[in-house]
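Pasted below: run_7.txt, compact mmCIF, C-alpha atoms.
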# COMPACT_ATOMS: atom_id res chain seq x y z
CA MET A 29 -15.62 16.63 -0.34
CA ASN A 30 -17.65 14.16 -2.42
CA PHE A 31 -18.85 11.12 -0.42
CA LEU A 32 -18.21 8.65 -3.26
CA TYR A 33 -14.64 9.92 -3.49
CA ILE A 34 -14.18 9.42 0.25
CA ILE A 35 -15.44 5.82 0.17
CA ASN A 36 -13.32 4.90 -2.86
CA TYR A 37 -10.20 6.51 -1.45
CA VAL A 38 -10.60 4.92 1.99
CA ILE A 39 -10.83 1.49 0.33
CA PHE A 40 -7.71 2.30 -1.67
CA ALA A 41 -5.87 3.57 1.42
CA VAL A 42 -6.54 0.37 3.37
CA PHE A 43 -5.54 -1.80 0.41
CA PHE A 44 -2.34 0.15 -0.26
CA THR A 45 -1.42 0.19 3.44
CA LEU A 46 -1.70 -3.60 3.66
CA PHE A 47 0.13 -3.97 0.35
CA THR A 48 2.94 -1.72 1.63
CA LEU A 49 3.21 -3.88 4.75
CA GLU A 50 3.41 -6.96 2.53
CA LEU A 51 6.12 -5.27 0.48
CA GLY A 52 8.10 -4.88 3.71
CA VAL A 53 7.55 -8.56 4.50
CA ALA A 54 8.73 -9.58 1.01
CA LEU A 55 11.87 -7.44 1.28
CA THR A 56 12.58 -8.89 4.72
CA PHE A 57 12.38 -12.41 3.25
CA LEU A 58 15.04 -11.38 0.72
CA LYS A 59 17.49 -9.81 3.15
CA ASN A 60 16.90 -11.58 6.48
CA LYS A 61 18.08 -15.17 6.94
CA ASP A 62 16.99 -15.53 10.58
CA GLU A 63 14.73 -18.61 10.66
CA ASP A 64 12.78 -17.35 13.68
CA VAL A 65 11.96 -14.10 11.88
CA ARG A 66 11.03 -15.96 8.68
CA ASN A 67 8.74 -18.34 10.56
CA ARG A 68 6.97 -15.47 12.29
CA LEU A 69 6.49 -13.63 9.02
CA GLN A 70 5.22 -16.67 7.16
CA LYS A 71 2.52 -17.30 9.77
CA PHE A 72 1.40 -13.75 9.14
CA ILE A 73 1.75 -13.59 5.36
CA GLY A 74 -0.82 -16.28 4.54
CA PRO A 75 -3.82 -14.38 5.93
CA LEU A 76 -2.34 -11.06 4.76
CA TRP A 77 -2.10 -11.88 1.05
CA GLN A 78 -5.64 -13.25 1.11
CA LEU A 79 -6.83 -10.02 2.73
CA ASN A 80 -4.90 -7.96 0.18
CA GLY A 81 -6.47 -9.90 -2.68
CA THR A 82 -9.94 -9.31 -1.24
CA PHE A 83 -9.33 -5.57 -0.88
CA ALA A 84 -7.83 -5.35 -4.38
CA VAL A 85 -11.00 -6.85 -5.88
CA PHE A 86 -13.21 -4.65 -3.67
CA TYR A 87 -11.32 -1.53 -4.76
CA LEU A 88 -11.47 -2.41 -8.47
CA VAL A 89 -15.21 -3.09 -8.33
CA ASN A 90 -15.86 0.13 -6.41
CA PHE A 91 -13.59 2.10 -8.78
CA GLU A 92 -15.48 0.79 -11.80
CA ALA A 93 -18.80 1.79 -10.24
CA THR A 94 -17.60 5.18 -8.98
CA TYR A 95 -15.63 6.34 -12.04
CA PRO A 96 -17.18 4.63 -15.09
CA LEU A 97 -16.06 7.45 -17.39
CA LEU A 98 -12.44 6.93 -16.35
CA LEU A 99 -12.38 3.27 -17.39
CA ASN A 100 -11.56 4.17 -21.00
CA VAL A 101 -8.38 5.96 -19.94
CA VAL A 102 -7.34 3.35 -17.38
CA GLY A 103 -8.31 0.38 -19.56
CA TYR A 104 -6.42 1.52 -22.65
CA ALA A 105 -3.56 3.62 -21.35
CA TYR A 106 -2.43 1.45 -18.43
CA ILE A 107 -3.26 -1.97 -19.88
CA ILE A 108 0.38 -3.09 -20.31
CA PRO A 109 1.70 -2.36 -16.77
CA LEU A 110 -1.53 -3.60 -15.20
CA MET A 111 -1.48 -6.88 -17.17
CA VAL A 112 2.15 -7.50 -16.20
CA ALA A 113 1.26 -6.66 -12.60
CA ALA A 114 -1.61 -9.18 -12.75
CA LEU A 115 0.75 -11.89 -14.00
CA ALA A 116 3.25 -11.09 -11.24
CA PHE A 117 0.36 -11.11 -8.74
CA ILE A 118 -0.62 -14.63 -9.85
CA LEU A 119 3.02 -15.73 -9.56
CA ARG A 120 3.16 -14.24 -6.08
CA ASN A 121 0.07 -16.15 -4.98
CA ALA A 122 1.30 -19.42 -6.43
CA PHE A 123 4.73 -19.41 -4.81
CA ILE A 124 3.63 -18.32 -1.35
CA SER A 125 1.26 -21.31 -1.51
CA TYR A 126 4.04 -23.63 -2.71
CA SER A 127 6.31 -22.50 0.13
CA GLY A 128 3.70 -23.55 2.67
CA TYR A 129 3.46 -27.12 1.37
CA THR A 130 7.04 -28.11 0.61
CA SER A 131 9.13 -29.86 3.24
CA ASP A 132 12.38 -29.28 1.37
CA PRO A 133 14.25 -26.33 3.02
CA ALA A 134 16.04 -25.43 -0.22
CA LYS A 135 12.77 -25.32 -2.20
CA HIS A 136 11.07 -23.45 0.62
CA ASP A 137 13.74 -20.74 0.50
CA ARG A 138 13.61 -20.60 -3.31
CA TYR A 139 9.82 -20.28 -3.34
CA LEU A 140 9.92 -17.45 -0.80
CA LYS A 141 12.46 -15.58 -2.92
CA ILE A 142 10.28 -15.93 -6.03
CA TYR A 143 7.26 -14.77 -4.01
CA SER A 144 9.22 -11.78 -2.74
CA LEU A 145 10.46 -10.76 -6.20
CA ALA A 146 6.96 -11.16 -7.68
CA THR A 147 5.52 -9.02 -4.87
CA LEU A 148 8.18 -6.36 -5.47
CA ILE A 149 7.40 -6.27 -9.22
CA THR A 150 3.64 -6.15 -8.61
CA TYR A 151 3.98 -3.34 -6.09
CA PHE A 152 6.28 -1.31 -8.34
CA LEU A 153 3.91 -1.56 -11.31
CA VAL A 154 0.78 -0.77 -9.27
CA ALA A 155 2.51 2.15 -7.54
CA SER A 156 3.76 3.41 -10.92
CA VAL A 157 0.23 3.46 -12.35
CA PHE A 158 -1.10 5.42 -9.37
CA ALA A 159 1.91 7.78 -9.46
CA SER A 160 1.30 8.44 -13.16
CA ALA A 161 -2.41 9.04 -12.58
CA VAL A 162 -1.53 11.58 -9.89
CA SER A 163 1.33 13.34 -11.70
CA GLY A 164 0.19 12.92 -15.31
CA ILE A 165 3.75 11.96 -16.28
CA GLY A 166 3.92 9.73 -19.35
CA ILE A 167 0.19 9.74 -20.13
CA ASN A 168 -1.88 11.49 -22.78
CA VAL A 169 -5.42 11.64 -21.44
CA ASP A 170 -6.96 12.85 -24.70
CA ASN A 171 -6.15 9.70 -26.68
CA ALA A 172 -5.67 7.35 -23.68
CA SER A 173 -2.06 6.49 -24.52
CA ILE A 174 1.15 6.31 -22.51
CA GLU A 175 4.90 6.22 -22.94
CA ILE A 176 5.58 3.15 -20.82
CA LEU A 177 9.23 3.97 -20.03
CA SER A 178 8.26 7.49 -18.92
CA VAL A 179 5.57 6.11 -16.64
CA LEU A 180 7.88 3.58 -14.99
CA PHE A 181 11.23 5.35 -14.82
CA ASN A 182 10.56 9.06 -14.39
CA PRO A 183 12.27 10.75 -11.40
CA PHE A 184 9.05 11.29 -9.44
CA ASN A 185 8.09 7.62 -9.67
CA ILE A 186 11.57 6.36 -8.71
CA ILE A 187 11.90 8.73 -5.75
CA ALA A 188 8.36 8.01 -4.51
CA PHE A 189 8.94 4.26 -4.85
CA ALA A 190 12.13 4.54 -2.78
CA GLY A 191 10.12 6.30 -0.09
CA LEU A 192 7.45 3.59 -0.18
CA VAL A 193 10.10 0.84 0.11
CA LEU A 194 11.46 2.52 3.25
CA LEU A 195 7.90 2.91 4.54
CA GLY A 196 7.30 -0.83 4.01
CA LEU A 197 10.52 -1.77 5.83
CA PHE A 198 9.73 0.63 8.66
CA SER A 199 6.20 -0.75 9.04
CA VAL A 200 7.14 -4.43 9.07
CA GLU A 201 10.15 -4.02 11.35
CA SER A 202 8.16 -1.92 13.78
CA PHE A 203 5.08 -4.15 13.55
CA PHE A 204 7.05 -7.31 14.35
CA GLY A 205 9.79 -5.74 16.45
CA ILE A 206 12.33 -7.47 14.19
CA ARG A 207 15.30 -5.17 14.53
CA SER A 208 16.98 -4.79 17.91
CA ARG A 209 18.65 -1.57 16.71
CA LYS A 210 15.67 0.74 17.02
CA PHE A 211 17.63 3.67 15.61
CA VAL A 212 17.76 2.02 12.15
CA THR A 213 14.01 1.34 12.19
CA MET A 214 13.38 4.94 13.22
CA MET A 215 15.55 6.19 10.36
CA PHE A 216 13.50 4.14 7.89
CA GLY A 217 10.38 5.98 9.06
CA ILE A 218 11.98 9.45 9.06
CA LEU A 219 13.64 9.00 5.64
CA SER A 220 10.45 7.62 4.13
CA PHE A 221 8.42 10.61 5.31
CA GLY A 222 11.12 13.02 4.13
CA ILE A 223 11.57 11.45 0.69
CA LEU A 224 7.83 11.30 -0.02
CA SER A 225 7.34 14.91 1.15
CA VAL A 226 10.18 16.15 -1.10
CA ALA A 227 8.89 14.15 -4.09
CA PHE A 228 5.41 15.65 -3.73
CA ALA A 229 6.73 19.19 -3.16
CA VAL A 230 9.06 19.11 -6.18
CA TYR A 231 6.96 17.21 -8.72
CA LEU A 232 3.42 18.01 -7.54
CA PRO A 233 3.68 21.68 -6.52
CA PHE A 234 -0.06 22.23 -7.04
CA LEU A 235 -0.67 20.23 -3.86
CA PHE A 236 0.96 22.98 -1.80
CA GLN A 237 -0.92 25.97 -3.19
CA GLY A 238 -3.25 26.07 -0.18
CA SER A 239 -2.76 25.78 3.56
CA LEU A 240 -4.32 22.30 3.78
CA ALA A 241 -1.09 20.57 2.72
CA LEU A 242 0.90 22.45 5.36
CA TYR A 243 -1.61 21.50 8.05
CA SER A 244 -1.44 17.87 6.94
CA LEU A 245 2.37 17.88 7.01
CA ALA A 246 2.35 19.45 10.46
CA GLY A 247 -0.11 16.87 11.77
CA LEU A 248 1.85 13.95 10.28
CA THR A 249 5.11 15.36 11.65
CA ILE A 250 3.65 15.57 15.16
CA PHE A 251 2.25 12.05 14.85
CA ILE A 252 5.52 10.49 13.72
CA ALA A 253 7.44 12.39 16.43
CA ILE A 254 5.15 10.92 19.12
CA TYR A 255 5.32 7.53 17.44
CA LEU A 256 9.11 7.48 17.23
CA PHE A 257 9.42 8.61 20.85
CA SER A 258 7.14 5.74 21.88
CA LEU A 259 9.21 3.33 19.76
CA LEU A 260 12.37 4.53 21.45
CA ARG A 261 10.75 4.01 24.86
CA GLY A 262 9.82 0.43 23.88
CA SER A 263 6.04 0.84 24.07
CA GLY A 264 4.16 -2.19 22.76
CA ALA A 265 1.45 0.05 21.27
CA THR A 266 3.89 1.29 18.61
CA ARG A 267 3.55 -2.00 16.73
CA LEU A 268 -0.07 -1.30 15.94
CA PHE A 269 0.77 2.33 15.12
CA ALA A 270 3.03 0.91 12.41
CA ILE A 271 -0.19 0.20 10.49
CA VAL A 272 -1.82 3.51 11.39
CA TRP A 273 1.15 5.58 10.19
CA PRO A 274 1.16 4.56 6.47
CA LEU A 275 -2.66 4.68 6.49
CA LEU A 276 -2.56 8.29 7.73
CA VAL A 277 0.05 9.23 5.12
CA ILE A 278 -2.07 7.83 2.27
CA LEU A 279 -5.34 9.31 3.60
CA SER A 280 -3.71 12.73 4.08
CA PHE A 281 -2.51 12.69 0.50
CA GLY A 282 -6.04 11.86 -0.68
CA VAL A 283 -7.43 14.85 1.21
CA VAL A 284 -4.79 17.26 -0.13
CA GLU A 285 -5.00 15.98 -3.72
CA TYR A 286 -8.82 16.14 -4.01
CA PRO A 287 -10.14 16.30 -6.67
CA ALA A 288 -7.09 16.73 -8.96
CA VAL A 289 -5.85 13.97 -11.25
CA PHE A 290 -3.26 13.68 -14.07
CA GLY A 291 -1.07 16.50 -12.76
CA ASN A 292 -4.01 18.77 -11.95
CA THR A 293 -5.11 18.82 -15.60
CA ALA A 294 -8.43 17.15 -14.81
CA SER A 295 -10.89 16.60 -11.97
CA LEU A 296 -12.04 13.21 -10.74
CA LEU A 297 -15.52 14.65 -10.34
CA THR A 298 -15.91 14.86 -14.12
CA TYR A 299 -15.43 11.09 -14.39
CA MET A 300 -17.77 10.22 -11.52
CA THR A 301 -21.04 8.32 -11.84
CA ASN A 302 -24.40 10.10 -11.72
CA SER A 303 -26.07 10.77 -8.37
CA ALA A 304 -28.89 8.22 -8.86
CA SER A 305 -26.58 5.21 -8.92
CA GLY A 306 -24.15 6.91 -6.55
CA PHE A 307 -26.50 6.41 -3.58
CA TRP A 308 -26.62 2.63 -4.02
CA ILE A 309 -22.89 2.45 -4.67
CA SER A 310 -22.39 4.21 -1.34
CA VAL A 311 -24.73 1.81 0.47
CA VAL A 312 -23.16 -1.34 -0.97
CA SER A 313 -19.63 -0.04 -0.42
CA ALA A 314 -20.41 0.98 3.16
CA VAL A 315 -21.83 -2.46 3.98
CA GLY A 316 -18.97 -4.26 2.23
CA GLY A 317 -16.41 -1.99 3.87
CA THR A 318 -17.91 -2.63 7.32
CA LEU A 319 -17.66 -6.39 6.79
CA LEU A 320 -14.04 -6.05 5.71
CA VAL A 321 -13.22 -3.90 8.75
CA ILE A 322 -14.65 -6.66 10.95
CA TYR A 323 -12.52 -9.15 9.00
CA ILE A 324 -9.41 -7.02 9.58
CA ALA A 325 -10.15 -6.65 13.29
CA TYR A 326 -10.52 -10.40 13.66
CA PHE A 327 -7.41 -10.95 11.54
CA ILE A 328 -5.31 -8.71 13.78
CA SER A 329 -6.73 -10.31 16.91
CA ALA A 330 -6.37 -13.93 15.78
CA VAL A 331 -3.11 -13.73 13.84
CA TYR A 332 -1.18 -10.96 15.50
CA LEU A 333 -2.38 -10.44 19.06
CA LYS A 334 -2.79 -14.07 20.10
CA LYS A 335 -0.78 -17.23 19.90
CA PRO A 336 -2.11 -20.70 20.71
CA ASN A 337 -0.74 -20.25 24.24
CA GLY A 338 -2.51 -16.89 24.56
CA GLU A 339 0.59 -14.67 24.13
CA GLY A 340 0.93 -11.98 21.48
CA TYR A 341 3.20 -12.44 18.50
Representation of the structure as structure tokens:
Amino acid sequence: MNFLYIINYVIFAVFFTLFTLELGVALTFLKNKDEDVRNRLQKFIGPLWQLNGTFAVFYLVNFEATYPLLLNVVGYAYIIPLMVAALAFILRNAFISYSGYTSDPAKHDRYLKIYSLATLITYFLVASVFASAVSGIGINVDNASIEILSVLFNPFNIIAFAGLVLLGLFSVESFFGIRSRKFVTMMFGILSFGILSVAFAVYLPFLFQGSLALYSLAGLTIFIAIYLFSLLRGSGATRLFAIVWPLLVILSFGVVEYPAVFGNTASLLTYMTNSASGFWISVVSAVGGTLLVIYIAYFISAVYLKKPNGEGY
């Protein structure tokens, strides 16, 4: 497997895992009125959206350097959904900031709802672009054009998005221990895994032509079985596994998919940069990625594991 592909996909996997967790937080803001839960989430969301923004920029820069020949397709074909996503992303940033400064409870609640809706729109559009790039649905690679409605509202995209929503809810509820009814949280995780597996099997059958996909499914099934058993037993370690689980799902997909793109009609390797610049891209990305990993470790330690009185959140 190409090293540049590995670096780029690992960056994407971390970004999308954190973004999926934030999606779960945003949905919880919309449906949960418990002030204690909202206060706990808001202490967490400030550092998280800054971290997400940093990883988004890091991924885009690395993507541009790794796949310069793919920029024409991405830049022209996906310009409309990505521009709308960028506007929603700005709206999301603005209103989470506003909610932290207002002392009016009504405005605070309104700002959080706008933030949540903007996050939901941003996530849907970003996920739709990646789903289209994987499946090839709605895009004509030859002339870099798309049918926007086909990209956004095809069955594969809708089903996969439903699975990602459940994954986000599962992650945030498990991470924060929000729901006392553990069975419901467990069902979010099981349904998410099942829905995503069915979507890939039905709409991306080329992924299952070899044995690698079956090995990956078996490994993920064993992992989630152990994880859910630990959750049922009330183990505190399961909260951190709530981050590891979506990360493993995304990384496993990257391994199985390699190097197919656009519904297995093209290879990512044909769009990749030459080997001379690839070495320095790898070095810079490795250094930058190491610094971000340190940032994440400190973030988890300072924001999640410790309170001012020394207790974990």
- Item | Residues within 10 Å of (9.1, 3.7, 18.9), counting only C-alpha atoms, listed as a VMD selection string | chain A and resid 202 205 210 to 211 213 to 214 252 to 267 269 to 270
Could you write out the selected residues, including C-alpha atoms, as a PDB file, in the frame of the given file?
ATOM      1  CA  SER A 202       8.160  -1.920  13.780  1.00  0.00           C
ATOM      2  CA  GLY A 205       9.790  -5.740  16.450  1.00  0.00           C
ATOM      3  CA  LYS A 210      15.670   0.740  17.020  1.00  0.00           C
ATOM      4  CA  PHE A 211      17.630   3.670  15.610  1.00  0.00           C
ATOM      5  CA  THR A 213      14.010   1.340  12.190  1.00  0.00           C
ATOM      6  CA  MET A 214      13.380   4.940  13.220  1.00  0.00           C
ATOM      7  CA  ILE A 252       5.520  10.490  13.720  1.00  0.00           C
ATOM      8  CA  ALA A 253       7.440  12.390  16.430  1.00  0.00           C
ATOM      9  CA  ILE A 254       5.150  10.920  19.120  1.00  0.00           C
ATOM     10  CA  TYR A 255       5.320   7.530  17.440  1.00  0.00           C
ATOM     11  CA  LEU A 256       9.110   7.480  17.230  1.00  0.00           C
ATOM     12  CA  PHE A 257       9.420   8.610  20.850  1.00  0.00           C
ATOM     13  CA  SER A 258       7.140   5.740  21.880  1.00  0.00           C
ATOM     14  CA  LEU A 259       9.210   3.330  19.760  1.00  0.00           C
ATOM     15  CA  LEU A 260      12.370   4.530  21.450  1.00  0.00           C
ATOM     16  CA  ARG A 261      10.750   4.010  24.860  1.00  0.00           C
ATOM     17  CA  GLY A 262       9.820   0.430  23.880  1.00  0.00           C
ATOM     18  CA  SER A 263       6.040   0.840  24.070  1.00  0.00           C
ATOM     19  CA  GLY A 264       4.160  -2.190  22.760  1.00  0.00           C
ATOM     20  CA  ALA A 265       1.450   0.050  21.270  1.00  0.00           C
ATOM     21  CA  THR A 266       3.890   1.290  18.610  1.00  0.00           C
ATOM     22  CA  ARG A 267       3.550  -2.000  16.730  1.00  0.00           C
ATOM     23  CA  PHE A 269       0.770   2.330  15.120  1.00  0.00           C
ATOM     24  CA  ALA A 270       3.030   0.910  12.410  1.00  0.00           C
TER      25      ALA A 270
END
Within 6 Å of region 37-56 of chain A: each region 164-227 of chain A residue with its shortest pair, all atoms listed in the file, as a Markdown table:
| residue | atom | partner | partner_atom | distance |
| --- | --- | --- | --- | --- |
| A:Gly196 | CA | A:Gly52 | CA | 4.1 |
| A:Leu197 | CA | A:Gly52 | CA | 4.5 |
| A:Val200 | CA | A:Gly52 | CA | 5.5 |
Could those residues be written to a file, using C-alpha atoms, as a PDB file, keeping the file's coordinate frame?
ATOM      1  CA  GLY A 196       7.300  -0.830   4.010  1.00  0.00           C
ATOM      2  CA  LEU A 197      10.520  -1.770   5.830  1.00  0.00           C
ATOM      3  CA  VAL A 200       7.140  -4.430   9.070  1.00  0.00           C
TER       4      VAL A 200
END
Using all atoms listed in the file, which residues of region 200-242 of chain A come within 10 Å of region 290-302 of chain A, and what is the closest atom pair for each, with the distance in Å to one decimal? Give it as JSON lines, sorted by chain and residue number.
{"residue": "A:Tyr231", "atom": "CA", "partner": "A:Gly291", "partner_atom": "CA", "distance": 9.0}
{"residue": "A:Leu232", "atom": "CA", "partner": "A:Gly291", "partner_atom": "CA", "distance": 7.0}
{"residue": "A:Pro233", "atom": "CA", "partner": "A:Gly291", "partner_atom": "CA", "distance": 9.4}
{"residue": "A:Phe234", "atom": "CA", "partner": "A:Asn292", "partner_atom": "CA", "distance": 7.2}
{"residue": "A:Leu235", "atom": "CA", "partner": "A:Asn292", "partner_atom": "CA", "distance": 8.9}
- Length of the CA of Thr150 (chain A) to CA of Asp170 (chain A) vector [Å]: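 Between CA of Thr150 (chain A) and CA of Asp170 (chain A) the gap works out to 27.1 Å.
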- Message: What's the separation between CA of Asn90 (chain A) and CA of Leu110 (chain A), in Å to one decimal place?
- Response: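 Atom-to-atom, CA of Asn90 (chain A) and CA of Leu110 (chain A) are spaced 17.2 Å apart.
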- Query: Which residue, A:Leu224, A:Val230, A:Leu99, A:Val312, has the smallest gap to Ile187 (chain A) when you use all atoms listed in the file?
  - Reply: A:Leu224
- Message: Applying 10 Å and only C-alpha atoms, which residues near Val212 (chain A) remain after dropping the ones on its own chain fewer than 6 positions away? List them as a ChimeraX atom specification.
- Response: /A:198,201,218
- Taking into account only C-alpha atoms, which residue in the set A:Val179, A:Val157, A:Ala188, A:Ala314 is nearest to Gly103 (chain A)?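 Closest to Gly103 (chain A), using only C-alpha atoms: A:Val157.
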I want to know what sits within 12 Å of Ile186 (chain A), based on only C-alpha atoms, with residues of the same chain fewer than 4 positions away left out; could you give that as a short mmCIF file (atom, residue, chain, number, x, y, z; two decimals) with C-alpha atoms, in the frame of the given file?
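The result, stored in selection_6.cif:
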data_model
loop_
_atom_site.label_atom_id
_atom_site.label_comp_id
_atom_site.auth_asym_id
_atom_site.auth_seq_id
_atom_site.Cartn_x
_atom_site.Cartn_y
_atom_site.Cartn_z
CA PHE A 152 6.28 -1.31 -8.34
CA LEU A 153 3.91 -1.56 -11.31
CA ALA A 155 2.51 2.15 -7.54
CA SER A 156 3.76 3.41 -10.92
CA ALA A 159 1.91 7.78 -9.46
CA SER A 160 1.30 8.44 -13.16
CA LEU A 177 9.23 3.97 -20.03
CA SER A 178 8.26 7.49 -18.92
CA VAL A 179 5.57 6.11 -16.64
CA LEU A 180 7.88 3.58 -14.99
CA PHE A 181 11.23 5.35 -14.82
CA ASN A 182 10.56 9.06 -14.39
CA ALA A 190 12.13 4.54 -2.78
CA GLY A 191 10.12 6.30 -0.09
CA LEU A 192 7.45 3.59 -0.18
CA VAL A 193 10.10 0.84 0.11
CA ILE A 223 11.57 11.45 0.69
CA LEU A 224 7.83 11.30 -0.02
CA ALA A 227 8.89 14.15 -4.09
CA TYR A 231 6.96 17.21 -8.72
#
